[in-house]
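Since the structure comes first, as structure tokens, the remarks are kept for the end.
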Amino acid sequence: MAVKRIKYKGWKCVRLSNKHIEAIVTLDVGPRVIRFGFIGGKNEFREYPEHSGKKGGKKWRIYGGHRLWHAPEHPVRTYCPDNTPVDVKPLKYGVRVTQPVEKATGIQKEMDIHLHPKLNSVTVVHRLCNTGLFDVALAPWGLSVMAAGGTCIIPLPQRGSHPKDLLPCNTLTMWPYTNMSDPRWTWGNKYILLRQESDPKKAKPQKIGAWVPDGWAAYVNDGCLFVKSFHPICGARYPDMGCCFETFTNEDMLEVESVGPVVEIPEGDDFEHVEHWNLFDTVKTPKNDRDVDRHVRPKVKRCAGC
């Protein structure tokens, strides 16, 4: 496993790699993982060439890659720009990157990125630090902006039967622009699928959130399977009507997002939210429940962190 400082798309970065995969972490902006994929392969994350190498300024830029936000979403608080350099500290098998304190919120964002020395696996610890004078209630939110053309997979809780199972088992949250009749959705019995479509005439924004007790979601794109796993906390309060997972898509990309619980962070304290990423190749894009069970589920069972 190697850690090396490099230049990437006009930014100073750190590259974490083993024999199979690499993760590139920006130092001029962030905290952000701008690239994740097989060595010599395509970036599983979406990049925005018009933003590459840019830094500074007061306007928020999406940049692409993986970022850390805090929920619930707000047009000012959530969109604080991450356009300034981050502090970097070496860790065993990775790095810690820390941004300056957000002036508008008093929150400082930090990510620990650990790449497994042998497996196709990365662990990301998202940390929100409250440097303000008062306690702050918020939820950590890890957003991976995936490259166009893939399909997101959201597992549903184990199905039951009536009248044996009388109580609900999960929530499904919709936004005012969610259209359940959009053909990009596949509403299965065991899984929900959302396909990314780059035709602007067909690709109006779509979003849902859900309680996903299995603690994983995935994205299949051009033969590669990206699995994100996390740890839902039963009984905790989650934002957006109880969502521990959310996905959003438009004509550019699709986001695979895990959400932590809403917590009251005392002055001078912090809170962490952990994701595990696993990457597989030669995986067929699923179109229905049967495909997921056949091609995706066996890989999920092998994931580190699942």
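How things are named: the first chain in the structure tokens is A, the next is B, and so on; residues count from 1 in each chain; ligands count from 1 in the order shown.
Excluding Leu172 in chain A itself and same-chain residues fewer than 5 positions from it, the residues having an atom within 9 Å of it are Ile208, Gly209, Ala210, Trp211, Met241, Gly242 and Cys243 of chain A, counting only C-alpha atoms.
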Between range 74-145 of chain A and range 294-306 of chain A, at 9 Å or less, what are the per-residue closest atom pairs and their distances in Å? Count only C-alpha atoms, order by chain and rising residue number, and return it as CSV.
residue,atom,partner,partner_atom,distance
A:Leu119,CA,A:Ala304,CA,8.3
A:Asn120,CA,A:Ala304,CA,8.8
A:Ser121,CA,A:Ala304,CA,6.7
A:Val122,CA,A:Ala304,CA,8.7
A:Thr123,CA,A:Gly305,CA,8.3
Exercise for the section: Pick out the residues sitting within 9 Å of Arg15 in chain A, and hand them over as a ChimeraX atom specification; count only C-alpha atoms, and ignore anything fewer than 5 positions along from it in its own chain. Expected result: /A:2-6,22-26
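Between CA of Val259 in chain A and CA of Asp82 in chain A lies a distance of 19.3 Å.
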Fill in the blank from the handout: Here CA of Leu27 in chain A and CA of Asn221 in chain A stand apart by 27.6 Å
Practice task
Write out as JSON, numbers by chain each polymer residue whose atoms come within 10 Å of Gly150 in chain A, counting only C-alpha atoms; drop sequence neighbours fewer than 4 positions from it.
Solution key: {"A": [44, 146, 194, 195, 196, 197, 219, 220, 221, 222, 223, 224, 225, 253, 254, 285, 286]}
Grab the residues selected above and save them as a short mmCIF file (atom, residue, chain, number, x, y, z; two decimals), in the first residue's frame with C-alpha atoms.
data_model
loop_
_atom_site.label_atom_id
_atom_site.label_comp_id
_atom_site.auth_asym_id
_atom_site.auth_seq_id
_atom_site.Cartn_x
_atom_site.Cartn_y
_atom_site.Cartn_z
CA GLU A 44 -16.10 5.48 -10.63
CA MET A 146 -21.07 8.61 -9.35
CA LEU A 194 -32.61 3.85 -10.29
CA ARG A 195 -30.91 4.20 -13.65
CA GLN A 196 -28.89 7.30 -14.53
CA GLU A 197 -29.86 8.81 -17.90
CA TYR A 219 -23.97 1.28 -8.12
CA VAL A 220 -23.19 -0.78 -11.20
CA ASN A 221 -21.62 1.03 -14.14
CA ASP A 222 -19.91 -0.41 -17.20
CA GLY A 223 -19.09 -3.71 -15.53
CA CYS A 224 -17.88 -2.25 -12.21
CA LEU A 225 -19.78 -2.65 -8.94
CA MET A 253 -24.61 11.96 -12.49
CA LEU A 254 -26.17 9.90 -9.72
CA THR A 285 -25.95 -4.34 -14.74
CA PRO A 286 -29.13 -5.58 -13.04
#
Practice task
Considering only C-alpha atoms, state which residue in the set A:Asp28, A:Asp289, A:Glu73, A:Glu275 is at the smallest distance from Thr186 in chain A.
Solution key: A:Asp289
Handout entry: For Ile233 in chain A: contacts at 12 Å, only C-alpha atoms, fewer than 3 positions along chain excluded, given as JSON, numbers by chain
Key = {"A": [211, 212, 213, 214, 215, 230, 236, 237, 238, 242, 243, 244, 259, 260, 261, 262, 263, 273]}
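CA of Gln206 in chain A is found 8.7 Å from CA of Asp182 in chain A.
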